[in-house]
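S.K.: Structure file upload02.pdb (PDB, C-alpha atoms) right here:
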```pdb
ATOM      1  CA  MET A   1     113.974  59.904 110.809
ATOM      2  CA  ASP A   2     112.674  61.997 107.911
ATOM      3  CA  THR A   3     112.408  65.670 108.988
ATOM      4  CA  THR A   4     110.884  67.015 105.764
ATOM      5  CA  TYR A   5     107.720  68.302 107.451
ATOM      6  CA  TYR A   6     109.245  69.621 110.687
ATOM      7  CA  SER A   7     109.165  73.212 109.415
ATOM      8  CA  LEU A   8     105.346  72.952 109.175
ATOM      9  CA  ALA A   9     104.976  72.321 112.898
ATOM     10  CA  THR A  10     104.225  75.992 113.598
ATOM     11  CA  LYS A  11     101.016  77.714 112.586
ATOM     12  CA  SER A  12     102.786  80.543 110.759
ATOM     13  CA  ASN A  13     104.951  78.190 108.684
ATOM     14  CA  PHE A  14     102.003  75.938 107.904
ATOM     15  CA  ASN A  15      99.889  78.886 106.740
ATOM     16  CA  LYS A  16     102.783  80.241 104.679
ATOM     17  CA  ALA A  17     103.194  76.864 102.962
ATOM     18  CA  LEU A  18      99.453  76.650 102.357
ATOM     19  CA  ARG A  19      99.391  80.103 100.724
ATOM     20  CA  HIS A  20     102.303  79.045  98.521
ATOM     21  CA  PHE A  21     100.456  75.916  97.365
ATOM     22  CA  TYR A  22      97.361  77.979  96.544
ATOM     23  CA  SER A  23      99.528  80.387  94.539
ATOM     24  CA  VAL A  24     101.140  77.514  92.629
ATOM     25  CA  ASN A  25      97.696  76.153  91.761
ATOM     26  CA  ASP A  26      96.714  79.566  90.383
ATOM     27  CA  VAL A  27      99.906  79.690  88.306
ATOM     28  CA  VAL A  28      99.274  76.177  86.967
ATOM     29  CA  ALA A  29      95.772  77.192  85.877
ATOM     30  CA  ASP A  30      97.197  80.121  83.921
ATOM     31  CA  MET A  31      99.913  77.988  82.334
ATOM     32  CA  GLU A  32      97.354  75.388  81.297
ATOM     33  CA  ALA A  33      95.621  78.277  79.507
ATOM     34  CA  LYS A  34      98.882  78.738  77.521
ATOM     35  CA  ARG A  35     100.170  81.758  79.433
ATOM     36  CA  ASN A  36     103.899  82.266  79.923
ATOM     37  CA  LEU A  37     105.154  81.721  83.481
ATOM     38  CA  ALA A  38     107.040  85.043  83.528
ATOM     39  CA  ASP A  39     103.887  86.925  82.475
ATOM     40  CA  VAL A  40     101.869  85.205  85.194
ATOM     41  CA  MET A  41     104.400  85.579  88.009
ATOM     42  CA  ASN A  42     105.200  89.226  87.261
ATOM     43  CA  THR A  43     101.495  90.042  87.374
ATOM     44  CA  PHE A  44     101.194  88.245  90.721
ATOM     45  CA  LEU A  45     104.303  90.042  92.032
ATOM     46  CA  ASP A  46     102.896  93.438  90.981
ATOM     47  CA  GLU A  47      99.653  92.639  92.776
ATOM     48  CA  GLU A  48     101.607  91.325  95.802
ATOM     49  CA  GLU A  49      99.921  87.930  95.556
ATOM     50  CA  VAL A  50     103.332  86.206  95.590
ATOM     51  CA  SER A  51     106.698  87.248  96.987
ATOM     52  CA  GLN A  52     110.258  87.189  95.641
ATOM     53  CA  ASP A  53     111.209  84.090  97.633
ATOM     54  CA  GLN A  54     108.500  82.076  95.856
ATOM     55  CA  ILE A  55     109.952  82.578  92.375
ATOM     56  CA  LEU A  56     112.616  79.865  92.333
ATOM     57  CA  PRO A  57     110.456  77.191  94.026
ATOM     58  CA  VAL A  58     107.719  77.855  91.434
ATOM     59  CA  VAL A  59     110.220  77.722  88.560
ATOM     60  CA  GLY A  60     111.638  74.435  89.844
ATOM     61  CA  ALA A  61     108.278  72.829  90.524
ATOM     62  CA  LEU A  62     106.628  73.863  87.244
ATOM     63  CA  LEU A  63     109.151  74.528  84.484
ATOM     64  CA  ARG A  64     111.569  71.793  85.468
ATOM     65  CA  ASP A  65     109.496  69.079  87.137
ATOM     66  CA  ARG A  66     105.895  69.390  85.946
ATOM     67  CA  TYR A  67     106.347  70.578  82.356
ATOM     68  CA  GLY A  68     109.891  69.382  81.637
ATOM     69  CA  TYR A  69     111.283  72.492  79.977
ATOM     70  CA  SER A  70     114.817  72.223  78.614
ATOM     71  CA  ALA A  71     117.200  74.587  80.409
ATOM     72  CA  ARG A  72     120.701  76.020  80.226
ATOM     73  CA  SER A  73     122.645  78.346  82.517
ATOM     74  CA  ILE A  74     124.691  81.125  80.911
ATOM     75  CA  ASN A  75     126.923  84.000  81.950
ATOM     76  CA  LEU A  76     127.123  86.778  79.368
ATOM     77  CA  LEU A  77     130.556  88.048  78.363
ATOM     78  CA  SER A  78     129.360  91.670  78.086
ATOM     79  CA  ASN A  79     126.546  93.923  79.278
ATOM     80  CA  LEU A  80     123.269  93.937  77.377
ATOM     81  CA  ASN A  81     120.886  96.906  77.411
ATOM     82  CA  GLU A  82     119.363  96.927  73.907
ATOM     83  CA  PHE A  83     116.500  94.457  73.734
ATOM     84  CA  GLU A  84     114.277  95.489  70.827
ATOM     85  CA  SER A  85     115.763  92.993  68.366
ATOM     86  CA  ILE A  86     115.191  90.173  70.880
ATOM     87  CA  TYR A  87     111.515  90.772  71.594
ATOM     88  CA  THR A  88     110.766  91.718  67.980
ATOM     89  CA  GLU A  89     112.132  88.372  66.798
ATOM     90  CA  THR A  90     110.883  86.108  69.591
ATOM     91  CA  MET A  91     107.319  87.437  69.293
ATOM     92  CA  LYS A  92     107.201  85.405  66.064
ATOM     93  CA  TRP A  93     108.064  82.149  67.866
ATOM     94  CA  THR A  94     104.544  80.915  68.392
ATOM     95  CA  ALA A  95     105.603  77.248  68.663
ATOM     96  CA  VAL A  96     108.080  77.758  71.506
ATOM     97  CA  ASP A  97     107.573  79.046  75.043
ATOM     98  CA  ILE A  98     110.618  80.736  76.608
ATOM     99  CA  VAL A  99     111.319  81.909  80.156
ATOM    100  CA  ILE A 100     114.571  83.546  81.266
ATOM    101  CA  VAL A 101     115.477  83.576  84.962
ATOM    102  CA  TYR A 102     117.978  86.393  85.599
ATOM    103  CA  PHE A 103     119.926  86.823  88.834
ATOM    104  CA  THR A 104     120.890  90.469  89.456
ATOM    105  CA  SER A 105     124.092  91.596  91.161
ATOM    106  CA  GLY A 106     121.987  92.499  94.216
ATOM    107  CA  GLY A 107     120.706  88.939  94.570
ATOM    108  CA  LYS A 108     117.242  89.601  93.158
ATOM    109  CA  VAL A 109     115.610  87.116  90.781
ATOM    110  CA  LEU A 110     113.800  88.470  87.705
ATOM    111  CA  LEU A 111     111.599  86.472  85.342
ATOM    112  CA  ILE A 112     111.609  87.474  81.670
ATOM    113  CA  ASN A 113     109.343  86.451  78.843
ATOM    114  CA  PRO A 114     111.644  87.516  75.974
ATOM    115  CA  LYS A 115     108.556  88.161  73.810
ATOM    116  CA  ASN A 116     107.319  90.801  76.273
ATOM    117  CA  PRO A 117     109.018  94.231  75.958
ATOM    118  CA  GLU A 118     107.687  95.278  79.370
ATOM    119  CA  HIS A 119     109.850  92.631  81.023
ATOM    120  CA  TRP A 120     112.983  93.996  79.378
ATOM    121  CA  GLU A 121     112.025  97.450  80.671
ATOM    122  CA  ARG A 122     111.980  96.003  84.191
ATOM    123  CA  VAL A 123     115.443  94.512  83.757
ATOM    124  CA  ARG A 124     116.973  97.611  82.161
ATOM    125  CA  GLU A 125     120.350  95.890  81.786
ATOM    126  CA  ILE A 126     121.746  92.359  81.782
ATOM    127  CA  VAL A 127     125.115  92.690  83.503
ATOM    128  CA  GLN A 128     128.277  90.913  82.405
ATOM    129  CA  ASP A 129     129.030  87.647  84.258
ATOM    130  CA  GLN A 130     125.638  87.572  86.019
ATOM    131  CA  LEU A 131     123.797  84.250  85.907
ATOM    132  CA  ALA A 132     120.819  83.699  83.624
ATOM    133  CA  VAL A 133     118.954  80.432  83.071
ATOM    134  CA  ILE A 134     117.068  79.993  79.784
ATOM    135  CA  TYR A 135     114.078  77.614  79.787
ATOM    136  CA  ALA A 136     112.388  76.470  76.571
ATOM    137  CA  ARG A 137     109.464  74.202  75.713
ATOM    138  CA  PHE A 138     108.269  73.131  72.267
ATOM    139  CA  ILE A 139     104.514  73.531  72.586
ATOM    140  CA  LYS A 140     103.387  71.037  69.943
ATOM    141  CA  GLN A 141     105.157  67.954  71.264
ATOM    142  CA  ASN A 142     108.146  66.726  73.244
ATOM    143  CA  ASP A 143     111.093  67.675  71.029
ATOM    144  CA  LYS A 144     114.295  68.443  72.946
ATOM    145  CA  LYS A 145     116.213  69.330  69.782
ATOM    146  CA  VAL A 146     113.864  72.197  68.946
ATOM    147  CA  GLU A 147     114.040  73.375  72.578
ATOM    148  CA  GLN A 148     117.845  73.319  72.551
ATOM    149  CA  ASP A 149     117.871  75.178  69.225
ATOM    150  CA  ALA A 150     115.622  77.849  70.750
ATOM    151  CA  ILE A 151     117.907  78.154  73.786
ATOM    152  CA  ASN A 152     120.911  78.466  71.457
ATOM    153  CA  ALA A 153     119.161  81.231  69.526
ATOM    154  CA  ILE A 154     118.278  83.162  72.703
ATOM    155  CA  GLU A 155     121.847  82.873  73.980
ATOM    156  CA  GLU A 156     123.222  84.068  70.640
ATOM    157  CA  MET A 157     120.855  87.053  70.564
ATOM    158  CA  MET A 158     121.750  87.988  74.135
ATOM    159  CA  SER A 159     125.419  87.829  73.117
ATOM    160  CA  GLY A 160     124.868  90.094  70.097
ATOM    161  CA  ARG A 161     125.763  87.416  67.555
ATOM    162  CA  ASP A 162     124.057  86.275  64.352
ATOM    163  CA  VAL A 163     121.240  83.836  65.008
ATOM    164  CA  PHE A 164     119.926  80.748  63.216
ATOM    165  CA  ILE A 165     116.135  80.925  63.292
ATOM    166  CA  SER A 166     114.594  77.492  62.845
ATOM    167  CA  PRO A 167     111.234  77.333  61.030
ATOM    168  CA  ASP A 168     110.183  74.938  63.801
ATOM    169  CA  PHE A 169     109.981  77.925  66.172
ATOM    170  CA  ILE A 170     106.933  79.235  64.308
ATOM    171  CA  ASP A 171     103.470  77.683  64.257
ATOM    172  CA  GLN A 172     101.804  79.142  61.190
ATOM    173  CA  THR A 173      98.353  78.384  62.622
ATOM    174  CA  ILE A 174      98.917  80.799  65.531
ATOM    175  CA  ALA A 175      99.114  84.548  64.923
ATOM    176  CA  PRO A 176     101.860  86.241  66.980
ATOM    177  CA  LYS A 177     100.551  88.869  69.327
ATOM    178  CA  LEU A 178     101.957  91.360  71.794
ATOM    179  CA  PRO A 179     101.216  90.405  75.408
ATOM    180  CA  VAL A 180      98.492  92.614  76.849
ATOM    181  CA  LYS A 181      99.507  94.558  79.925
ATOM    182  CA  LYS A 182      96.759  94.718  82.513
ATOM    183  CA  PRO A 183      95.877  98.317  83.354
ATOM    184  CA  VAL A 184      96.125  99.085  87.040
ATOM    185  CA  THR A 185      93.881 101.844  88.295
ATOM    186  CA  GLN A 186      94.579 104.185  91.146
ATOM    187  CA  ALA A 187      92.290 104.469  94.114
ATOM    188  CA  ALA A 188      91.990 108.171  93.349
ATOM    189  CA  PRO A 189      88.722 109.206  91.693
ATOM    190  CA  SER A 190      90.546 110.421  88.570
ATOM    191  CA  LYS A 191      90.743 106.787  87.337
ATOM    192  CA  LYS A 192      93.946 107.462  85.416
ATOM    193  CA  ASN A 193      96.098 104.634  84.073
ATOM    194  CA  VAL A 194      98.997 103.686  86.302
ATOM    195  CA  THR A 195     101.957 101.431  85.570
ATOM    196  CA  PRO A 196     103.161  98.549  87.735
ATOM    197  CA  LYS A 197     105.868  99.389  90.269
ATOM    198  CA  TYR A 198     109.269  99.309  88.594
ATOM    199  CA  ALA A 199     112.308  98.528  90.729
ATOM    200  CA  VAL A 200     115.485 100.599  90.601
ATOM    201  CA  GLN A 201     118.392  99.005  92.408
ATOM    202  CA  VAL A 202     120.855 101.261  94.243
ATOM    203  CA  SER A 203     124.362 100.499  93.002
ATOM    204  CA  ASN A 204     126.042 103.388  94.836
ATOM    205  CA  GLU A 205     127.467 102.582  98.266
ATOM    206  CA  LEU A 206     124.649 104.677  99.750
ATOM    207  CA  PHE A 207     121.695 106.570  98.306
ATOM    208  CA  HIS A 208     123.013 109.913  99.530
ATOM    209  CA  ASN A 209     122.115 113.542  98.930
ATOM    210  CA  GLY A 210     123.774 113.587  95.493
ATOM    211  CA  ASN A 211     121.633 110.651  94.364
ATOM    212  CA  VAL A 212     118.527 112.378  95.725
ATOM    213  CA  GLU A 213     119.287 115.564  93.797
ATOM    214  CA  ALA A 214     119.943 113.543  90.633
ATOM    215  CA  TRP A 215     116.556 111.832  90.967
ATOM    216  CA  LYS A 216     114.841 115.176  91.463
ATOM    217  CA  LYS A 217     116.461 116.501  88.270
ATOM    218  CA  ILE A 218     115.533 113.362  86.301
ATOM    219  CA  ILE A 219     111.905 113.408  87.439
ATOM    220  CA  GLU A 220     111.692 117.140  86.776
ATOM    221  CA  SER A 221     112.929 116.513  83.222
ATOM    222  CA  PHE A 222     110.364 113.725  82.760
ATOM    223  CA  THR A 223     107.372 115.701  84.027
ATOM    224  CA  THR A 224     108.443 118.767  82.024
ATOM    225  CA  LYS A 225     108.453 116.675  78.850
ATOM    226  CA  TYR A 226     105.224 114.886  79.832
ATOM    227  CA  PRO A 227     103.250 117.349  81.989
ATOM    228  CA  ASP A 228     100.196 115.075  81.985
ATOM    229  CA  LEU A 229     102.126 112.287  83.768
ATOM    230  CA  LYS A 230     102.912 111.953  87.462
ATOM    231  CA  VAL A 231     105.725 109.934  89.074
ATOM    232  CA  TYR A 232     105.301 108.158  92.430
ATOM    233  CA  ILE A 233     108.231 106.868  94.476
ATOM    234  CA  TYR A 234     108.023 103.938  96.935
ATOM    235  CA  HIS A 235     110.417 102.446  99.446
ATOM    236  CA  GLN A 236     109.599  99.366 101.538
ATOM    237  CA  ASN A 237     105.993  99.521 100.242
ATOM    238  CA  GLU A 238     105.576 103.094 101.519
ATOM    239  CA  LEU A 239     104.722 106.024  99.252
ATOM    240  CA  ILE A 240     107.448 108.672  99.502
ATOM    241  CA  ASN A 241     105.943 112.150  99.224
ATOM    242  CA  ASP A 242     109.314 113.898  99.602
ATOM    243  CA  ILE A 243     112.323 112.294  97.878
ATOM    244  CA  ASN A 244     114.600 114.058 100.369
ATOM    245  CA  ALA A 245     113.250 111.642 102.971
ATOM    246  CA  LEU A 246     115.137 108.805 101.285
ATOM    247  CA  PHE A 247     118.396 110.528 102.177
ATOM    248  CA  LYS A 248     117.271 111.645 105.645
ATOM    249  CA  TRP A 249     116.300 108.126 106.623
ATOM    250  CA  GLY A 250     119.797 106.880 105.851
ATOM    251  CA  LYS A 251     118.355 103.410 105.275
ATOM    252  CA  VAL A 252     118.727 103.135 101.517
ATOM    253  CA  LYS A 253     122.039 101.423 100.877
ATOM    254  CA  HIS A 254     123.842  99.516  98.145
ATOM    255  CA  GLY A 255     121.658  96.699  96.811
ATOM    256  CA  ASP A 256     118.376  98.170  98.103
ATOM    257  CA  SER A 257     115.545  98.753  95.649
ATOM    258  CA  ILE A 258     113.464 101.911  95.279
ATOM    259  CA  PHE A 259     110.277 101.591  93.234
ATOM    260  CA  PHE A 260     108.474 104.051  90.979
ATOM    261  CA  GLN A 261     105.120 104.214  89.237
ATOM    262  CA  VAL A 262     103.844 106.564  86.562
ATOM    263  CA  SER A 263     100.207 107.559  86.155
ATOM    264  CA  GLY A 264      98.419 109.449  83.412
ATOM    265  CA  GLU A 265      96.253 109.037  80.343
ATOM    266  CA  ASP A 266      98.991 108.388  77.749
ATOM    267  CA  ILE A 267     101.936 106.794  79.544
ATOM    268  CA  ARG A 268     105.273 106.817  77.718
ATOM    269  CA  GLY A 269     109.004 107.211  78.330
ATOM    270  CA  ILE A 270     109.093 104.515  81.037
ATOM    271  CA  SER A 271     112.154 102.699  79.703
ATOM    272  CA  LYS A 272     114.223 105.899  79.587
ATOM    273  CA  LEU A 273     112.990 106.992  83.008
ATOM    274  CA  GLN A 274     114.005 103.661  84.536
ATOM    275  CA  LYS A 275     117.395 103.863  82.823
ATOM    276  CA  TYR A 276     118.110 107.393  84.087
ATOM    277  CA  LEU A 277     116.891 106.662  87.614
ATOM    278  CA  TYR A 278     119.198 103.636  87.680
ATOM    279  CA  GLU A 279     122.103 105.903  86.681
ATOM    280  CA  GLY A 280     121.013 108.430  89.280
ATOM    281  CA  ALA A 281     121.140 105.757  91.977
ATOM    282  CA  SER A 282     124.698 104.796  91.012
ATOM    283  CA  HIS A 283     128.076 106.455  91.455
ATOM    284  CA  ARG A 284     127.443 108.145  88.087
ATOM    285  CA  PHE A 285     124.816 110.490  89.570
ATOM    286  CA  GLU A 286     126.959 113.625  89.035
ATOM    287  CA  GLN A 287     126.211 113.724  85.296
ATOM    288  CA  PHE A 288     122.661 114.870  86.149
ATOM    289  CA  LEU A 289     123.834 117.731  88.356
ATOM    290  CA  LYS A 290     125.891 119.545  85.708
ATOM    291  CA  ILE A 291     123.250 122.097  84.766
ATOM    292  CA  GLY A 292     122.686 125.742  85.502
ATOM    293  CA  VAL A 293     120.406 126.949  88.275
ATOM    294  CA  GLY A 294     116.772 127.082  87.194
ATOM    295  CA  LYS A 295     117.374 125.001  84.066
ATOM    296  CA  VAL A 296     115.793 121.629  83.293
ATOM    297  CA  LEU A 297     117.648 118.617  81.888
ATOM    298  CA  ASN A 298     116.699 117.615  78.354
ATOM    299  CA  LEU A 299     116.597 113.826  78.800
ATOM    300  CA  PHE A 300     113.326 112.788  77.187
TER     301      PHE A 300
END
```
Turn this file's structure into structure tokens for me.
M.R.:
Amino acid sequence: MDTTYYSLATKSNFNKALRHFYSVNDVVADMEAKRNLADVMNTFLDEEEVSQDQILPVVGALLRDRYGYSARSINLLSNLNEFESIYTETMKWTAVDIVIVYFTSGGKVLLINPKNPEHWERVREIVQDQLAVIYARFIKQNDKKVEQDAINAIEEMMSGRDVFISPDFIDQTIAPKLPVKKPVTQAAPSKKNVTPKYAVQVSNELFHNGNVEAWKKIIESFTTKYPDLKVYIYHQNELINDINALFKWGKVKHGDSIFFQVSGEDIRGISKLQKYLYEGASHRFEQFLKIGVGKVLNLF
């Protein structure tokens, strides 16, 4: 007997499946309007309209089955943390749609539109030997050769090698443009701009007092450089008013994610802040503590 639908026998599972189908329909509508799946899903994730465990089912149902993207799995031979050359080049590829699915060492799945610098800021670093799957679709017509050439080029760029750029990647009738990031406004009456929540994964065995002190030093350096900006820290969807609480709870362990947001009128320095907070949440936290009493780190 086929048991495919047995999991839907409970109300909670049925409602969960129904919400997923509604979400997929919304994603399809955006993709039909020529939006990149990674752009759409990351917006939905930021707005908590979809959850992490929906990413791979959506990728499978849409990129693979519905739209027939070409795909290849890769494991990089070295770490990658410089992305400007990738997004600067791929922004020109108006005839090809690309989505990268990256699996972090902590088991999290990240979606990347390589043309969108904000997505690379979220990733911060592609780690050696971690799995990434590159999806490509030639927008004009069904042409698997062009798609495979685009995948080859992405893999070469991510490996730091010279790249063959096919003229087929570019549709001269479409002007390349930077993806527009939706501004998210705070509930506070100040109506300042606020970034999405950026995840910082804890790679130390425990987010202990040393990590807490490192984060305090990093944030102090950031707000000293940019006094008009404010940093917010979140854990398990709860705003953390005192970073010391992260250590006192004793719940933040290896592989957990802490999130941060920045608000202000002219937001900048996010990529560096994410990089330093990642270092501060690792076993390399001590580098931020080597400073005299009353002095501020010069990081930004």
S.K.: Extract, using only C-alpha atoms, all DNA, RNA and protein residues at most 12 Å from Glu213 (chain A), discarding same-chain residues fewer than 5 positions from it, and format them as number ranges by chain.
M.R.: A: 207-208, 218-220, 242-247, 277, 280-281, 285-291
S.K.: When you count only C-alpha atoms, which of these residues is closest to Ser257 (chain A): A:Tyr276, A:Phe83, A:Tyr226, A:Tyr198?
M.R.: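 Residue with the minimum atom-to-atom distance to Ser257 (chain A): A:Tyr198.
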S.K.: For the PyMOL selection byres ((chain A and resi 50-61) around 8), applied here, can you spell out every residue it catches as an MDAnalysis selection string?
M.R.: chainID A and resid 20 23:24 41 44:45 47:49 62:66 108:109
S.K.: CA of Ile270 (chain A) and CA of Ile126 (chain A), how far apart in Å?
M.R.: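 Computed distance, CA of Ile126 (chain A) to CA of Ile270 (chain A), equals 17.6 Å.
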S.K.: Using the chain letters and numbers from this file, what does the PyMOL selection byres ((chain A and resi 116) around 9) select? Give the answer as a list in words.
M.R.: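 This file gives the following for the PyMOL selection byres ((chain A and resi 116) around 9): Asp39, Tyr87, Thr90, Met91, Ile112, Asn113, Pro114, Lys115, Pro117, Glu118, His119, Trp120, Leu178 and Pro179 of chain A.
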S.K.: Any chance you can output those residues with C-alpha atoms as a PDB file, keeping the file's coordinate frame?
M.R.:
```
ATOM      1  CA  ASP A  39     103.887  86.925  82.475  1.00  0.00           C
ATOM      2  CA  TYR A  87     111.515  90.772  71.594  1.00  0.00           C
ATOM      3  CA  THR A  90     110.883  86.108  69.591  1.00  0.00           C
ATOM      4  CA  MET A  91     107.319  87.437  69.293  1.00  0.00           C
ATOM      5  CA  ILE A 112     111.609  87.474  81.670  1.00  0.00           C
ATOM      6  CA  ASN A 113     109.343  86.451  78.843  1.00  0.00           C
ATOM      7  CA  PRO A 114     111.644  87.516  75.974  1.00  0.00           C
ATOM      8  CA  LYS A 115     108.556  88.161  73.810  1.00  0.00           C
ATOM      9  CA  PRO A 117     109.018  94.231  75.958  1.00  0.00           C
ATOM     10  CA  GLU A 118     107.687  95.278  79.370  1.00  0.00           C
ATOM     11  CA  HIS A 119     109.850  92.631  81.023  1.00  0.00           C
ATOM     12  CA  TRP A 120     112.983  93.996  79.378  1.00  0.00           C
ATOM     13  CA  LEU A 178     101.957  91.360  71.794  1.00  0.00           C
ATOM     14  CA  PRO A 179     101.216  90.405  75.408  1.00  0.00           C
TER      15      PRO A 179
END
```
S.K.: For each of A:Ile258, A:Lys253, A:Ser221, A:Arg72, take the minimum atom-to-atom distance to Tyr234 (chain A), counting all atoms listed in the file, then give the residue where this is smallest.
M.R.: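 Using all atoms listed in the file, Tyr234 (chain A) sits closest to A:Ile258.
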S.K.: When you draw a straight line from CA of Arg284 (chain A) to CA of Leu299 (chain A), how long is it in Å?
M.R.: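 A separation of 15.4 Å between them.
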S.K.: As a PyMOL selection string, please: the residues near Tyr278 (chain A) (cut-off 9 Å, only C-alpha atoms, same-chain neighbours under 3 positions excluded).
M.R.: chain A and resi 124+200-203+273-275+281-282
S.K.: Give as a list of chain:residue names the residues that the PyMOL selection byres ((chain A and resi 161) around 12) matches when applied to the coordinates above.
M.R.: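 On this input, the PyMOL selection byres ((chain A and resi 161) around 12) captures A:Leu76, A:Leu77, A:Ser78, A:Ser85, A:Ile86, A:Asn152, A:Ala153, A:Ile154, A:Glu155, A:Glu156, A:Met157, A:Met158, A:Ser159, A:Gly160, A:Asp162, A:Val163, A:Phe164.
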S.K.: What's the separation between CA of Trp215 (chain A) and CA of Thr43 (chain A), in Å to one decimal place?
M.R.: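 Between CA of Trp215 (chain A) and CA of Thr43 (chain A) the gap works out to 26.7 Å.
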S.K.: Identify the residues within 10 Å of coordinate (124.4, 92.2, 88.5) (same frame as the file), considering all atoms listed in the file, and give the answer as a PDB file with C-alpha atoms, keeping the file's coordinate frame.
M.R.:
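Output contents, as saved in selection07.pdb:
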```pdb
ATOM      1  CA  ASN A  79     126.546  93.923  79.278  1.00  0.00           C
ATOM      2  CA  TYR A 102     117.978  86.393  85.599  1.00  0.00           C
ATOM      3  CA  PHE A 103     119.926  86.823  88.834  1.00  0.00           C
ATOM      4  CA  THR A 104     120.890  90.469  89.456  1.00  0.00           C
ATOM      5  CA  SER A 105     124.092  91.596  91.161  1.00  0.00           C
ATOM      6  CA  GLY A 106     121.987  92.499  94.216  1.00  0.00           C
ATOM      7  CA  GLY A 107     120.706  88.939  94.570  1.00  0.00           C
ATOM      8  CA  LYS A 108     117.242  89.601  93.158  1.00  0.00           C
ATOM      9  CA  GLU A 125     120.350  95.890  81.786  1.00  0.00           C
ATOM     10  CA  ILE A 126     121.746  92.359  81.782  1.00  0.00           C
ATOM     11  CA  VAL A 127     125.115  92.690  83.503  1.00  0.00           C
ATOM     12  CA  GLN A 128     128.277  90.913  82.405  1.00  0.00           C
ATOM     13  CA  ASP A 129     129.030  87.647  84.258  1.00  0.00           C
ATOM     14  CA  GLN A 130     125.638  87.572  86.019  1.00  0.00           C
ATOM     15  CA  LEU A 131     123.797  84.250  85.907  1.00  0.00           C
ATOM     16  CA  GLN A 201     118.392  99.005  92.408  1.00  0.00           C
ATOM     17  CA  SER A 203     124.362 100.499  93.002  1.00  0.00           C
ATOM     18  CA  GLY A 255     121.658  96.699  96.811  1.00  0.00           C
TER      19      GLY A 255
END
```
S.K.: Calculated over all atoms listed in the file, which of the candidates A:Ile174, A:Ala95, A:Ala38, A:Val27 has the smallest distance to Ile139 (chain A)?
M.R.: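 Under the stated criterion, the closest residue is A:Ala95.
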S.K.: Kindly indicate which residue among A:Ile165, A:Val99, A:Ala150, A:Val212 lies nearest to Leu111 (chain A), using only C-alpha atoms for the distances.
M.R.: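 Checking each of A:Ile165, A:Val99, A:Ala150, A:Val212 against Leu111 (chain A), counting only C-alpha atoms, the winner is A:Val99.
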S.K.: Would you compute the box with edges along x, y and z of the file around region 115-118 of chain A, including every atom the file lists for it and 5 Å extra on each side, and give its centre and edge lengths in Å to one decimal, as AutoDock Vina command-line options?
M.R.:
```
--center_x 108.2 --center_y 91.7 --center_z 76.6 --size_x 11.7 --size_y 17.1 --size_z 15.6
```
S.K.: Within 12 Å of region 167-173 of chain A, counting all atoms listed in the file, which residues qualify if same-chain residues fewer than 6 places away don't, as a VMD selection string?
M.R.: chain A and resid 89 to 98 136 to 141 143 to 151 153 to 154
S.K.: Which is closest to Arg268 (chain A) among A:Thr195, A:Asn209, A:Asn241, A:Ser70, if we use all atoms listed in the file?
M.R.: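 Ranked by minimum distance to Arg268 (chain A), first place goes to A:Thr195.
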S.K.: (98.2, 115.4, 85.9) in this file's frame - what residues fall within 10 Å of it? Use all atoms listed in the file and give the answer as a PyMOL selection string.
M.R.: chain A and resi 190+192+223+226-231+263-265
S.K.: Write a file of the just-selected residues containing C-alpha atoms, as a PDB file, in the coordinates of the input.
M.R.:
```pdb
ATOM      1  CA  SER A 190      90.546 110.421  88.570  1.00  0.00           C
ATOM      2  CA  LYS A 192      93.946 107.462  85.416  1.00  0.00           C
ATOM      3  CA  THR A 223     107.372 115.701  84.027  1.00  0.00           C
ATOM      4  CA  TYR A 226     105.224 114.886  79.832  1.00  0.00           C
ATOM      5  CA  PRO A 227     103.250 117.349  81.989  1.00  0.00           C
ATOM      6  CA  ASP A 228     100.196 115.075  81.985  1.00  0.00           C
ATOM      7  CA  LEU A 229     102.126 112.287  83.768  1.00  0.00           C
ATOM      8  CA  LYS A 230     102.912 111.953  87.462  1.00  0.00           C
ATOM      9  CA  VAL A 231     105.725 109.934  89.074  1.00  0.00           C
ATOM     10  CA  SER A 263     100.207 107.559  86.155  1.00  0.00           C
ATOM     11  CA  GLY A 264      98.419 109.449  83.412  1.00  0.00           C
ATOM     12  CA  GLU A 265      96.253 109.037  80.343  1.00  0.00           C
TER      13      GLU A 265
END
```
S.K.: Rank nothing, just name the residue among A:Asn298, A:Asn42, A:Asn237, A:Ser271 nearest to Glu121 (chain A), using all atoms listed in the file.
M.R.: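 Of A:Asn298, A:Asn42, A:Asn237, A:Ser271, the one nearest Glu121 (chain A) is A:Ser271, counting all atoms listed in the file.
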S.K.: Take region 258-263 of chain A, bring it up to N, CA and C atoms, and give me the output as a CSV table (one decimal), keeping the file's coordinate frame.
M.R.:
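See out.csv below for the written result:
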```
chain,number,residue,atom,x,y,z
A,258,ILE,N,114.5,100.9,95.2
A,258,ILE,CA,113.5,101.9,95.3
A,258,ILE,C,112.5,101.7,94.1
A,259,PHE,N,111.2,101.9,94.3
A,259,PHE,CA,110.3,101.6,93.2
A,259,PHE,C,109.6,102.9,92.8
A,260,PHE,N,109.2,102.9,91.5
A,260,PHE,CA,108.5,104.1,91.0
A,260,PHE,C,107.3,103.6,90.1
A,261,GLN,N,106.3,104.4,90.1
A,261,GLN,CA,105.1,104.2,89.2
A,261,GLN,C,104.9,105.5,88.5
A,262,VAL,N,104.2,105.4,87.3
A,262,VAL,CA,103.8,106.6,86.6
A,262,VAL,C,102.4,106.5,86.3
A,263,SER,N,101.6,107.5,86.5
A,263,SER,CA,100.2,107.6,86.2
A,263,SER,C,99.9,108.7,85.1
```
